[in-house]
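In what follows, a structure is listed as structure tokens, so that the remarks can point back to it.
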Number of protein chains: 2
Amino acid sequence: MNTSKAFEKAKSCSSQFILAINDTLNVLIGKWKLPIIGVLLYGKKRFKELERAIPGITPRMLSKELKELELNGIVTRTVYDTIPVTVEYELSNSGKSLREVLDMMIQWGLNHRKQNMSRK
Amino acid sequence: MNTSKAFEKAKSCSSQFILAINDTLNVLIGKWKLPIIGVLLYGKKRFKELERAIPGITPRMLSKELKELELNGIVTRTVYDTIPVTVEYELSNSGKSLREVLDMMIQWGLNHRKQNMSRK
DNA sequence: GTAACCACTATACTTTTGTATATCGATATA
DNA sequence: TATATCGATATACAAAAGTATAGTGGTTAC
């Protein structure tokens, strides 16, 4: 690849592609997003179920992160008109498709560990 | 999948897999790691070249992030005995292989945007 | 009537992350 | 002699992220 081609690619990269990467990172970053998504990958859950499933999380953080995930279209929130109310959180299609990204990250992570071992 | 099978999978997941994902996230997280890796994907660079290529970064942050990336085996640092010294930063094999992860993230990010558009 | 459960919210605080600005020692250039 | 370059480091500060602890309003069980 010559310099101007590389430059063009770098330019096209920096606009949509970097944005796309940041979108992806933003739904995974933070201490609690991954644990929440991890639990929801096994099916929909209620607030207290999530709280119990994720050791150490406070209701404040759970509430905050769920709101963000909902805003970003990763999680859907459904309120059932029972007494008392039942609220269920579930992964959207986008949310479910994160599994592929996570699988890729697992692959890279395991491979990286192996390479770092042999480096020493 | 029955409950005990799901539980076993969740358990096996929570140990190595979650660690692997976190390893991957840790090399990407932070305001400046992605820009640095992005530039280095086009070839090795010197300290000042990186500083110039990444608008807004301070030498403090560049130095700090490069140290972390080196410690994590993503970047190699080579000092040449010239006058004045030349220092070159280059992606390791692990670092280069991040491209696959980033490509996956680009795919997910673009797809997610499309789905969110149609959601409205 | 009091204790517990659900789905949260409020307030105050600590820790982590990032910024701003100046400086270092060695060397080269005008 | 003054100024600039390289590859950083030092100090102080601001902003963001996360924690601790308590409380809300409604409902059910004992």
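As shown in the structure tokens, the chain order sets the letters A, B, ...; within each chain, residues go from 1, and ligands are also counted from 1 in the order they appear.
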
>> Residues of chain C within 10 Å of chain B, counting only C-alpha atoms (C1' of nucleotides) - could you list those as number ranges by chain?
In response: C: 17-20, 26-28

>> Using only C-alpha atoms, I'd like every residue of chain B that has an atom within 7 Å of chain A; please write them out as a list of chain:residue names.
In response: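 That gives the following set of residues: B:Phe17, B:Ala20, B:Ile21, B:Asp23, B:Thr24, B:Gly73, B:Ser94, B:Val101, B:Leu102, B:Met104, B:Met105, B:Ile106, B:Trp108, B:Gly109, B:Leu110, B:His112, B:Asn116.
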
Expected file contents, prior selection, N, CA, C and O atoms, as a compact mmCIF listing (two decimals), in the first residue's frame:
# COMPACT_ATOMS: atom_id res chain seq x y z
N PHE B 17 -13.04 -17.12 31.07
CA PHE B 17 -13.59 -16.32 29.98
C PHE B 17 -13.76 -14.86 30.37
O PHE B 17 -13.41 -13.96 29.62
N ALA B 20 -10.48 -13.30 30.36
CA ALA B 20 -10.01 -13.02 29.00
C ALA B 20 -10.66 -11.77 28.44
O ALA B 20 -9.99 -10.92 27.84
N ILE B 21 -11.97 -11.64 28.66
CA ILE B 21 -12.66 -10.44 28.19
C ILE B 21 -12.10 -9.20 28.86
O ILE B 21 -11.84 -8.18 28.22
N ASP B 23 -9.12 -8.82 30.12
CA ASP B 23 -7.79 -8.56 29.56
C ASP B 23 -7.93 -7.74 28.28
O ASP B 23 -7.20 -6.77 28.06
N THR B 24 -8.87 -8.13 27.45
CA THR B 24 -9.05 -7.45 26.16
C THR B 24 -9.54 -6.02 26.38
O THR B 24 -9.00 -5.07 25.80
N GLY B 73 2.24 -5.96 27.13
CA GLY B 73 2.69 -6.72 25.97
C GLY B 73 2.01 -6.37 24.67
O GLY B 73 1.93 -7.19 23.75
N SER B 94 0.61 -9.58 19.50
CA SER B 94 -0.69 -9.43 20.18
C SER B 94 -1.34 -8.11 19.79
O SER B 94 -2.54 -8.06 19.51
N VAL B 101 -10.15 -7.91 16.57
CA VAL B 101 -11.12 -7.53 17.59
C VAL B 101 -11.78 -6.21 17.19
O VAL B 101 -13.00 -6.07 17.24
N LEU B 102 -10.96 -5.27 16.76
CA LEU B 102 -11.49 -3.96 16.37
C LEU B 102 -12.43 -4.09 15.18
O LEU B 102 -13.48 -3.44 15.13
N MET B 104 -14.30 -6.63 14.47
CA MET B 104 -15.55 -7.17 15.00
C MET B 104 -16.36 -6.05 15.66
O MET B 104 -17.59 -5.98 15.52
N MET B 105 -15.66 -5.18 16.37
CA MET B 105 -16.34 -4.08 17.04
C MET B 105 -16.91 -3.08 16.04
O MET B 105 -17.99 -2.51 16.28
N ILE B 106 -16.21 -2.86 14.95
CA ILE B 106 -16.72 -1.99 13.90
C ILE B 106 -18.01 -2.57 13.34
O ILE B 106 -19.03 -1.88 13.22
N TRP B 108 -20.12 -4.70 14.72
CA TRP B 108 -21.20 -4.61 15.69
C TRP B 108 -21.71 -3.18 15.80
O TRP B 108 -22.92 -2.93 15.78
N GLY B 109 -20.77 -2.24 15.88
CA GLY B 109 -21.14 -0.84 16.04
C GLY B 109 -21.99 -0.33 14.89
O GLY B 109 -23.01 0.33 15.10
N LEU B 110 -21.58 -0.65 13.67
CA LEU B 110 -22.34 -0.19 12.49
C LEU B 110 -23.73 -0.82 12.48
O LEU B 110 -24.74 -0.15 12.24
N HIS B 112 -25.40 -1.98 15.01
CA HIS B 112 -26.17 -1.44 16.12
C HIS B 112 -26.79 -0.09 15.76
O HIS B 112 -27.94 0.17 16.07
N ASN B 116 -30.71 0.80 15.68
CA ASN B 116 -31.23 1.88 16.51
C ASN B 116 -31.96 2.94 15.69
O ASN B 116 -32.90 3.56 16.17

Least-squares fit of chain B onto chain A (C-alpha, ordered pairing) as a short mmCIF file (atom, residue, chain, number, x, y, z; two decimals) with N, CA, C and O atoms, in the first residue's frame:
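The resulting result10.cif:
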data_model
loop_
_atom_site.label_atom_id
_atom_site.label_comp_id
_atom_site.auth_asym_id
_atom_site.auth_seq_id
_atom_site.Cartn_x
_atom_site.Cartn_y
_atom_site.Cartn_z
N MET B 1 1.18 -0.86 0.16
CA MET B 1 0.27 0.31 0.14
C MET B 1 1.09 1.61 0.17
O MET B 1 1.95 1.78 1.01
N ASN B 2 0.85 2.50 -0.78
CA ASN B 2 1.61 3.75 -0.77
C ASN B 2 1.02 4.74 0.24
O ASN B 2 -0.03 4.50 0.83
N THR B 3 1.70 5.84 0.40
CA THR B 3 1.34 6.77 1.48
C THR B 3 -0.06 7.37 1.30
O THR B 3 -0.84 7.43 2.24
N SER B 4 -0.39 7.77 0.06
CA SER B 4 -1.69 8.43 -0.12
C SER B 4 -2.84 7.44 0.08
O SER B 4 -3.88 7.79 0.64
N LYS B 5 -2.62 6.19 -0.35
CA LYS B 5 -3.64 5.16 -0.12
C LYS B 5 -3.84 4.93 1.38
O LYS B 5 -4.96 4.86 1.85
N ALA B 6 -2.71 4.84 2.08
CA ALA B 6 -2.77 4.64 3.53
C ALA B 6 -3.51 5.80 4.18
O ALA B 6 -4.33 5.62 5.08
N PHE B 7 -3.22 6.98 3.70
CA PHE B 7 -3.86 8.18 4.25
C PHE B 7 -5.38 8.14 4.02
O PHE B 7 -6.15 8.40 4.94
N GLU B 8 -5.77 7.77 2.80
CA GLU B 8 -7.20 7.67 2.50
C GLU B 8 -7.88 6.66 3.41
O GLU B 8 -8.96 6.91 3.93
N LYS B 9 -7.20 5.52 3.59
CA LYS B 9 -7.80 4.50 4.44
C LYS B 9 -7.90 5.00 5.88
O LYS B 9 -8.90 4.82 6.55
N ALA B 10 -6.83 5.67 6.31
CA ALA B 10 -6.84 6.22 7.67
C ALA B 10 -7.97 7.23 7.83
O ALA B 10 -8.65 7.27 8.85
N LYS B 11 -8.18 8.02 6.80
CA LYS B 11 -9.24 9.03 6.87
C LYS B 11 -10.62 8.40 6.94
O LYS B 11 -11.43 8.75 7.78
N SER B 12 -10.86 7.44 6.04
CA SER B 12 -12.18 6.80 6.01
C SER B 12 -12.39 6.05 7.32
O SER B 12 -13.50 5.96 7.82
N CYS B 13 -11.30 5.54 7.87
CA CYS B 13 -11.35 4.83 9.13
C CYS B 13 -11.77 5.75 10.25
O CYS B 13 -12.65 5.44 11.03
N SER B 14 -11.14 6.92 10.30
CA SER B 14 -11.32 7.78 11.46
C SER B 14 -12.74 8.28 11.64
O SER B 14 -13.12 8.62 12.74
N SER B 15 -13.54 8.30 10.57
CA SER B 15 -14.89 8.80 10.75
C SER B 15 -15.85 7.74 11.26
O SER B 15 -16.07 7.62 12.47
N GLN B 16 -16.41 6.91 10.37
CA GLN B 16 -17.44 5.96 10.84
C GLN B 16 -16.88 4.82 11.67
O GLN B 16 -17.51 4.38 12.62
N PHE B 17 -15.68 4.36 11.28
CA PHE B 17 -15.17 3.16 11.94
C PHE B 17 -14.81 3.42 13.40
O PHE B 17 -15.15 2.63 14.28
N ILE B 18 -14.12 4.53 13.62
CA ILE B 18 -13.78 4.86 14.99
C ILE B 18 -15.04 5.07 15.82
O ILE B 18 -15.12 4.63 16.98
N LEU B 19 -16.03 5.71 15.22
CA LEU B 19 -17.31 5.89 15.91
C LEU B 19 -17.92 4.54 16.27
O LEU B 19 -18.41 4.35 17.38
N ALA B 20 -17.89 3.61 15.31
CA ALA B 20 -18.48 2.29 15.54
C ALA B 20 -17.76 1.56 16.68
O ALA B 20 -18.40 0.97 17.55
N ILE B 21 -16.43 1.64 16.68
CA ILE B 21 -15.67 1.01 17.75
C ILE B 21 -16.03 1.64 19.09
O ILE B 21 -16.25 0.95 20.09
N ASN B 22 -16.12 2.96 19.11
CA ASN B 22 -16.45 3.62 20.36
C ASN B 22 -17.87 3.28 20.83
O ASN B 22 -18.09 3.11 22.03
N ASP B 23 -18.80 3.15 19.88
CA ASP B 23 -20.14 2.71 20.25
C ASP B 23 -20.06 1.36 20.96
O ASP B 23 -20.71 1.14 21.99
N THR B 24 -19.27 0.47 20.41
CA THR B 24 -19.15 -0.87 20.98
C THR B 24 -18.50 -0.82 22.35
O THR B 24 -18.99 -1.42 23.32
N LEU B 25 -17.39 -0.07 22.44
CA LEU B 25 -16.71 0.04 23.73
C LEU B 25 -17.62 0.64 24.80
O LEU B 25 -17.63 0.18 25.94
N ASN B 26 -18.40 1.65 24.40
CA ASN B 26 -19.23 2.34 25.38
C ASN B 26 -20.28 1.45 26.04
O ASN B 26 -20.67 1.71 27.17
N VAL B 27 -20.74 0.43 25.33
CA VAL B 27 -21.72 -0.45 25.98
C VAL B 27 -21.05 -1.51 26.85
O VAL B 27 -21.73 -2.22 27.58
N LEU B 28 -19.74 -1.61 26.78
CA LEU B 28 -19.03 -2.63 27.57
C LEU B 28 -18.25 -2.04 28.73
O LEU B 28 -17.90 -2.73 29.69
N ILE B 29 -17.96 -0.73 28.64
CA ILE B 29 -17.07 -0.10 29.61
C ILE B 29 -17.80 0.26 30.89
O ILE B 29 -18.97 0.64 30.87
N GLY B 30 -17.08 0.19 31.97
CA GLY B 30 -17.64 0.46 33.28
C GLY B 30 -17.60 -0.83 34.07
O GLY B 30 -17.64 -1.93 33.51
N LYS B 31 -17.51 -0.68 35.35
CA LYS B 31 -17.29 -1.85 36.20
C LYS B 31 -18.40 -2.88 36.14
O LYS B 31 -18.17 -4.07 36.36
N TRP B 32 -19.64 -2.44 35.84
CA TRP B 32 -20.78 -3.33 36.03
C TRP B 32 -21.50 -3.75 34.75
O TRP B 32 -22.37 -4.61 34.79
N LYS B 33 -21.18 -3.11 33.61
CA LYS B 33 -21.96 -3.40 32.39
C LYS B 33 -21.77 -4.84 31.95
O LYS B 33 -22.72 -5.53 31.60
N LEU B 34 -20.53 -5.32 31.98
CA LEU B 34 -20.25 -6.68 31.53
C LEU B 34 -20.94 -7.71 32.42
O LEU B 34 -21.60 -8.62 31.91
N PRO B 35 -20.82 -7.58 33.76
CA PRO B 35 -21.56 -8.51 34.61
C PRO B 35 -23.06 -8.51 34.32
O PRO B 35 -23.67 -9.58 34.26
N ILE B 36 -23.64 -7.34 34.12
CA ILE B 36 -25.08 -7.27 33.85
C ILE B 36 -25.41 -7.99 32.54
O ILE B 36 -26.30 -8.84 32.48
N ILE B 37 -24.66 -7.66 31.49
CA ILE B 37 -24.90 -8.30 30.20
C ILE B 37 -24.68 -9.80 30.30
O ILE B 37 -25.46 -10.59 29.77
N GLY B 38 -23.64 -10.16 31.02
CA GLY B 38 -23.35 -11.58 31.21
C GLY B 38 -24.52 -12.34 31.81
O GLY B 38 -24.87 -13.43 31.34
N VAL B 39 -25.14 -11.77 32.83
CA VAL B 39 -26.29 -12.42 33.46
C VAL B 39 -27.48 -12.45 32.50
O VAL B 39 -28.15 -13.48 32.34
N LEU B 40 -27.70 -11.33 31.82
CA LEU B 40 -28.86 -11.25 30.92
C LEU B 40 -28.73 -12.15 29.69
O LEU B 40 -29.74 -12.48 29.05
N LEU B 41 -27.50 -12.55 29.37
CA LEU B 41 -27.32 -13.48 28.25
C LEU B 41 -28.00 -14.82 28.55
O LEU B 41 -28.30 -15.59 27.64
N TYR B 42 -28.25 -15.11 29.84
CA TYR B 42 -28.94 -16.34 30.21
C TYR B 42 -30.45 -16.17 30.31
O TYR B 42 -31.14 -17.07 30.77
N GLY B 43 -30.95 -15.00 29.90
CA GLY B 43 -32.39 -14.79 29.92
C GLY B 43 -32.79 -13.56 30.72
O GLY B 43 -32.00 -13.00 31.46
N LYS B 44 -34.04 -13.14 30.56
CA LYS B 44 -34.51 -11.93 31.22
C LYS B 44 -34.51 -12.06 32.73
O LYS B 44 -34.68 -13.17 33.26
N LYS B 45 -34.34 -10.94 33.37
CA LYS B 45 -34.24 -10.94 34.84
C LYS B 45 -34.94 -9.72 35.42
O LYS B 45 -35.03 -8.68 34.77
N ARG B 46 -35.38 -9.85 36.66
CA ARG B 46 -35.97 -8.73 37.38
C ARG B 46 -34.87 -7.98 38.12
O ARG B 46 -33.75 -8.48 38.27
N PHE B 47 -35.21 -6.78 38.57
CA PHE B 47 -34.22 -5.93 39.24
C PHE B 47 -33.51 -6.65 40.39
O PHE B 47 -32.28 -6.72 40.45
N LYS B 48 -34.30 -7.22 41.26
CA LYS B 48 -33.72 -7.88 42.44
C LYS B 48 -32.94 -9.13 42.07
O LYS B 48 -31.97 -9.48 42.73
N GLU B 49 -33.38 -9.80 41.01
CA GLU B 49 -32.64 -10.99 40.55
C GLU B 49 -31.25 -10.59 40.10
O GLU B 49 -30.26 -11.25 40.42
N LEU B 50 -31.17 -9.50 39.35
CA LEU B 50 -29.87 -9.00 38.90
C LEU B 50 -29.01 -8.61 40.10
O LEU B 50 -27.84 -8.96 40.18
N GLU B 51 -29.65 -7.90 41.04
CA GLU B 51 -28.92 -7.45 42.23
C GLU B 51 -28.31 -8.66 42.96
O GLU B 51 -27.16 -8.61 43.39
N ARG B 52 -29.10 -9.72 43.07
CA ARG B 52 -28.60 -10.91 43.77
C ARG B 52 -27.55 -11.65 42.95
O ARG B 52 -26.62 -12.24 43.51
N ALA B 53 -27.69 -11.60 41.63
CA ALA B 53 -26.79 -12.37 40.77
C ALA B 53 -25.42 -11.71 40.64
O ALA B 53 -24.45 -12.35 40.25
N ILE B 54 -25.36 -10.42 40.96
CA ILE B 54 -24.11 -9.68 40.77
C ILE B 54 -23.58 -9.23 42.12
O ILE B 54 -23.97 -8.20 42.65
N PRO B 55 -22.66 -10.00 42.70
CA PRO B 55 -22.19 -9.71 44.06
C PRO B 55 -21.46 -8.37 44.11
O PRO B 55 -20.59 -8.10 43.29
N GLY B 56 -21.86 -7.54 45.07
CA GLY B 56 -21.15 -6.28 45.28
C GLY B 56 -21.79 -5.07 44.66
O GLY B 56 -21.44 -3.94 44.99
N ILE B 57 -22.72 -5.28 43.74
CA ILE B 57 -23.34 -4.11 43.08
C ILE B 57 -24.35 -3.47 44.03
O ILE B 57 -25.03 -4.15 44.80
N THR B 58 -24.40 -2.13 44.01
CA THR B 58 -25.39 -1.42 44.81
C THR B 58 -26.59 -1.11 43.92
O THR B 58 -26.45 -1.02 42.70
N PRO B 59 -27.76 -0.94 44.52
CA PRO B 59 -28.94 -0.63 43.70
C PRO B 59 -28.74 0.65 42.88
O PRO B 59 -29.21 0.75 41.75
N ARG B 60 -27.99 1.59 43.45
CA ARG B 60 -27.72 2.82 42.71
C ARG B 60 -27.02 2.54 41.39
O ARG B 60 -27.42 3.03 40.34
N MET B 61 -25.96 1.75 41.44
CA MET B 61 -25.20 1.45 40.23
C MET B 61 -26.01 0.59 39.28
O MET B 61 -26.00 0.80 38.08
N LEU B 62 -26.73 -0.38 39.83
CA LEU B 62 -27.54 -1.25 38.98
C LEU B 62 -28.57 -0.42 38.22
O LEU B 62 -28.71 -0.54 37.00
N SER B 63 -29.25 0.45 38.94
CA SER B 63 -30.25 1.31 38.33
C SER B 63 -29.63 2.19 37.26
O SER B 63 -30.15 2.32 36.15
N LYS B 64 -28.48 2.79 37.58
CA LYS B 64 -27.80 3.70 36.68
C LYS B 64 -27.36 2.98 35.40
O LYS B 64 -27.58 3.48 34.28
N GLU B 65 -26.75 1.83 35.57
CA GLU B 65 -26.23 1.10 34.41
C GLU B 65 -27.37 0.58 33.54
O GLU B 65 -27.28 0.60 32.31
N LEU B 66 -28.43 0.10 34.18
CA LEU B 66 -29.57 -0.40 33.41
C LEU B 66 -30.18 0.72 32.57
O LEU B 66 -30.54 0.52 31.42
N LYS B 67 -30.25 1.91 33.15
CA LYS B 67 -30.79 3.06 32.42
C LYS B 67 -29.94 3.36 31.19
O LYS B 67 -30.45 3.61 30.10
N GLU B 68 -28.62 3.34 31.39
CA GLU B 68 -27.71 3.61 30.27
C GLU B 68 -27.84 2.55 29.19
O GLU B 68 -27.90 2.86 28.00
N LEU B 69 -27.89 1.29 29.63
CA LEU B 69 -28.00 0.19 28.67
C LEU B 69 -29.32 0.28 27.91
O LEU B 69 -29.37 0.00 26.71
N GLU B 70 -30.38 0.71 28.61
CA GLU B 70 -31.68 0.86 27.94
C GLU B 70 -31.61 2.00 26.91
O GLU B 70 -32.04 1.86 25.78
N LEU B 71 -31.01 3.11 27.34
CA LEU B 71 -30.86 4.28 26.46
C LEU B 71 -30.08 3.92 25.21
O LEU B 71 -30.35 4.42 24.12
N ASN B 72 -29.09 3.04 25.37
CA ASN B 72 -28.26 2.64 24.23
C ASN B 72 -28.85 1.49 23.43
O ASN B 72 -28.19 0.96 22.54
N GLY B 73 -30.06 1.09 23.79
CA GLY B 73 -30.70 0.05 23.00
C GLY B 73 -30.13 -1.34 23.18
O GLY B 73 -30.25 -2.19 22.29
N ILE B 74 -29.53 -1.60 24.34
CA ILE B 74 -28.96 -2.92 24.60
C ILE B 74 -29.92 -3.76 25.41
O ILE B 74 -29.97 -4.97 25.29
N VAL B 75 -30.68 -3.07 26.25
CA VAL B 75 -31.58 -3.75 27.17
C VAL B 75 -32.97 -3.15 27.01
O VAL B 75 -33.12 -1.95 26.78
N THR B 76 -34.00 -4.00 27.12
CA THR B 76 -35.37 -3.47 27.14
C THR B 76 -35.92 -3.65 28.55
O THR B 76 -35.60 -4.61 29.24
N ARG B 77 -36.76 -2.69 28.94
CA ARG B 77 -37.34 -2.70 30.27
C ARG B 77 -38.84 -2.83 30.11
O ARG B 77 -39.47 -2.02 29.40
N THR B 78 -39.41 -3.85 30.75
CA THR B 78 -40.85 -4.06 30.62
C THR B 78 -41.48 -4.06 31.99
O THR B 78 -41.04 -4.78 32.89
N VAL B 79 -42.51 -3.23 32.15
CA VAL B 79 -43.21 -3.14 33.43
C VAL B 79 -44.52 -3.89 33.33
O VAL B 79 -45.30 -3.64 32.41
N TYR B 80 -44.75 -4.83 34.22
CA TYR B 80 -46.01 -5.57 34.23
C TYR B 80 -46.90 -5.02 35.34
O TYR B 80 -46.43 -4.74 36.44
N ASP B 81 -48.17 -4.89 35.02
CA ASP B 81 -49.12 -4.24 35.93
C ASP B 81 -49.61 -5.20 37.00
O ASP B 81 -50.81 -5.39 37.18
N THR B 82 -48.68 -5.79 37.72
CA THR B 82 -49.03 -6.66 38.84
C THR B 82 -48.95 -5.86 40.12
O THR B 82 -48.55 -4.70 40.11
N ILE B 83 -49.31 -6.48 41.23
CA ILE B 83 -49.18 -5.81 42.51
C ILE B 83 -48.35 -6.68 43.44
O ILE B 83 -48.78 -7.77 43.80
N PRO B 84 -47.14 -6.22 43.82
CA PRO B 84 -46.51 -4.98 43.36
C PRO B 84 -45.97 -5.13 41.93
O PRO B 84 -45.91 -6.24 41.43
N VAL B 85 -45.59 -4.03 41.32
CA VAL B 85 -45.16 -4.07 39.92
C VAL B 85 -44.00 -5.05 39.73
O VAL B 85 -43.15 -5.21 40.60
N THR B 86 -44.01 -5.67 38.57
CA THR B 86 -42.90 -6.52 38.17
C THR B 86 -42.18 -5.80 37.04
O THR B 86 -42.82 -5.33 36.10
N VAL B 87 -40.87 -5.70 37.14
CA VAL B 87 -40.10 -5.06 36.07
C VAL B 87 -39.09 -6.07 35.55
O VAL B 87 -38.33 -6.65 36.34
N GLU B 88 -39.12 -6.28 34.25
CA GLU B 88 -38.20 -7.25 33.66
C GLU B 88 -37.23 -6.60 32.70
O GLU B 88 -37.63 -5.77 31.86
N TYR B 89 -35.98 -6.99 32.80
CA TYR B 89 -34.94 -6.50 31.90
C TYR B 89 -34.50 -7.63 31.00
O TYR B 89 -34.27 -8.75 31.46
N GLU B 90 -34.39 -7.30 29.70
CA GLU B 90 -34.02 -8.32 28.73
C GLU B 90 -33.10 -7.71 27.68
O GLU B 90 -33.20 -6.53 27.36
N LEU B 91 -32.20 -8.52 27.14
CA LEU B 91 -31.32 -8.01 26.09
C LEU B 91 -32.11 -7.81 24.80
O LEU B 91 -32.95 -8.63 24.43
N SER B 92 -31.85 -6.71 24.11
CA SER B 92 -32.40 -6.50 22.77
C SER B 92 -31.65 -7.39 21.79
O SER B 92 -30.72 -8.10 22.17
N ASN B 93 -32.03 -7.34 20.53
CA ASN B 93 -31.28 -8.11 19.53
C ASN B 93 -29.83 -7.66 19.47
O ASN B 93 -28.92 -8.49 19.42
N SER B 94 -29.64 -6.35 19.49
CA SER B 94 -28.27 -5.82 19.54
C SER B 94 -27.53 -6.37 20.75
O SER B 94 -26.37 -6.78 20.65
N GLY B 95 -28.21 -6.36 21.87
CA GLY B 95 -27.60 -6.85 23.10
C GLY B 95 -27.20 -8.31 22.98
O GLY B 95 -26.08 -8.69 23.35
N LYS B 96 -28.11 -9.12 22.42
CA LYS B 96 -27.80 -10.54 22.26
C LYS B 96 -26.63 -10.75 21.32
O LYS B 96 -25.80 -11.63 21.53
N SER B 97 -26.56 -9.90 20.29
CA SER B 97 -25.49 -10.08 19.29
C SER B 97 -24.13 -9.67 19.83
O SER B 97 -23.10 -9.89 19.18
N LEU B 98 -24.11 -9.08 21.02
CA LEU B 98 -22.82 -8.78 21.65
C LEU B 98 -22.03 -10.05 21.94
O LEU B 98 -20.82 -10.02 22.10
N ARG B 99 -22.75 -11.17 22.00
CA ARG B 99 -22.08 -12.43 22.29
C ARG B 99 -20.93 -12.70 21.31
O ARG B 99 -19.86 -13.18 21.70
N GLU B 100 -21.16 -12.34 20.04
CA GLU B 100 -20.10 -12.55 19.03
C GLU B 100 -18.88 -11.71 19.34
O GLU B 100 -17.73 -12.16 19.21
N VAL B 101 -19.14 -10.46 19.74
CA VAL B 101 -18.03 -9.58 20.09
C VAL B 101 -17.29 -10.15 21.29
O VAL B 101 -16.06 -10.23 21.31
N LEU B 102 -18.05 -10.57 22.29
CA LEU B 102 -17.43 -11.11 23.50
C LEU B 102 -16.64 -12.37 23.18
O LEU B 102 -15.55 -12.58 23.71
N ASP B 103 -17.17 -13.21 22.30
CA ASP B 103 -16.44 -14.43 21.90
C ASP B 103 -15.10 -14.08 21.26
O ASP B 103 -14.08 -14.70 21.56
N MET B 104 -15.14 -13.06 20.41
CA MET B 104 -13.90 -12.61 19.78
C MET B 104 -12.91 -12.13 20.84
O MET B 104 -11.70 -12.40 20.76
N MET B 105 -13.44 -11.43 21.83
CA MET B 105 -12.58 -10.92 22.89
C MET B 105 -12.02 -12.04 23.75
O MET B 105 -10.86 -11.96 24.21
N ILE B 106 -12.81 -13.07 23.97
CA ILE B 106 -12.32 -14.24 24.71
C ILE B 106 -11.16 -14.87 23.94
O ILE B 106 -10.10 -15.15 24.51
N GLN B 107 -11.38 -15.07 22.64
CA GLN B 107 -10.33 -15.66 21.81
C GLN B 107 -9.04 -14.86 21.90
O GLN B 107 -7.96 -15.41 22.13
N TRP B 108 -9.16 -13.55 21.70
CA TRP B 108 -7.97 -12.70 21.73
C TRP B 108 -7.31 -12.76 23.10
O TRP B 108 -6.09 -12.91 23.21
N GLY B 109 -8.13 -12.66 24.14
CA GLY B 109 -7.60 -12.65 25.50
C GLY B 109 -6.84 -13.92 25.83
O GLY B 109 -5.73 -13.86 26.39
N LEU B 110 -7.40 -15.06 25.47
CA LEU B 110 -6.73 -16.34 25.76
C LEU B 110 -5.42 -16.44 24.98
O LEU B 110 -4.38 -16.82 25.52
N ASN B 111 -5.49 -16.05 23.71
CA ASN B 111 -4.30 -16.08 22.87
C ASN B 111 -3.20 -15.17 23.39
O ASN B 111 -2.02 -15.52 23.40
N HIS B 112 -3.62 -14.00 23.83
CA HIS B 112 -2.68 -13.02 24.35
C HIS B 112 -1.97 -13.55 25.59
O HIS B 112 -0.77 -13.37 25.75
N ARG B 113 -2.74 -14.22 26.45
CA ARG B 113 -2.14 -14.82 27.65
C ARG B 113 -1.06 -15.83 27.27
O ARG B 113 0.02 -15.85 27.85
N LYS B 114 -1.41 -16.67 26.30
CA LYS B 114 -0.48 -17.70 25.87
C LYS B 114 0.82 -17.05 25.38
O LYS B 114 1.91 -17.44 25.77
N GLN B 115 0.68 -16.03 24.54
CA GLN B 115 1.86 -15.37 23.98
C GLN B 115 2.69 -14.67 25.05
O GLN B 115 3.91 -14.63 24.97
N ASN B 116 1.99 -14.09 26.03
CA ASN B 116 2.71 -13.41 27.10
C ASN B 116 3.45 -14.37 28.02
O ASN B 116 4.49 -14.04 28.56
N MET B 117 2.89 -15.57 28.19
CA MET B 117 3.56 -16.60 28.97
C MET B 117 4.92 -16.89 28.34
O MET B 117 5.95 -16.83 28.99
N SER B 118 4.91 -17.19 27.04
CA SER B 118 6.12 -17.62 26.35
C SER B 118 7.12 -16.48 26.21
O SER B 118 8.30 -16.70 25.93
N ARG B 119 6.64 -15.28 26.41
CA ARG B 119 7.51 -14.10 26.29
C ARG B 119 8.54 -14.05 27.40
O ARG B 119 9.64 -13.53 27.24
N LYS B 120 8.14 -14.52 28.57
CA LYS B 120 9.01 -14.42 29.75
C LYS B 120 10.23 -15.34 29.64
O LYS B 120 10.11 -16.50 29.33
#

> Could you work out how far atom C1' of C:DT23 lies from atom C1' of D:DA10, giving the answer in Å with one decimal?
Replying inline: 7.8 Å

> Could you write out, as a PyMOL selection string, all the residues of chain A that DSSP marks as strand (DSSP E)?
Replying inline: chain A and resi 45-46+75-80+86-91

>> Distance cut-off 9 Å, counting only C-alpha atoms (C1' of nucleotides) - which residues of chain D neighbour chain A? Return them as JSON, numbers by chain.
In response: {"D": [17, 18, 19, 26, 27]}

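One distance worth recording is that between atom C1' of D:DT28 and atom C1' of C:DA4, which is 8.6 Å.
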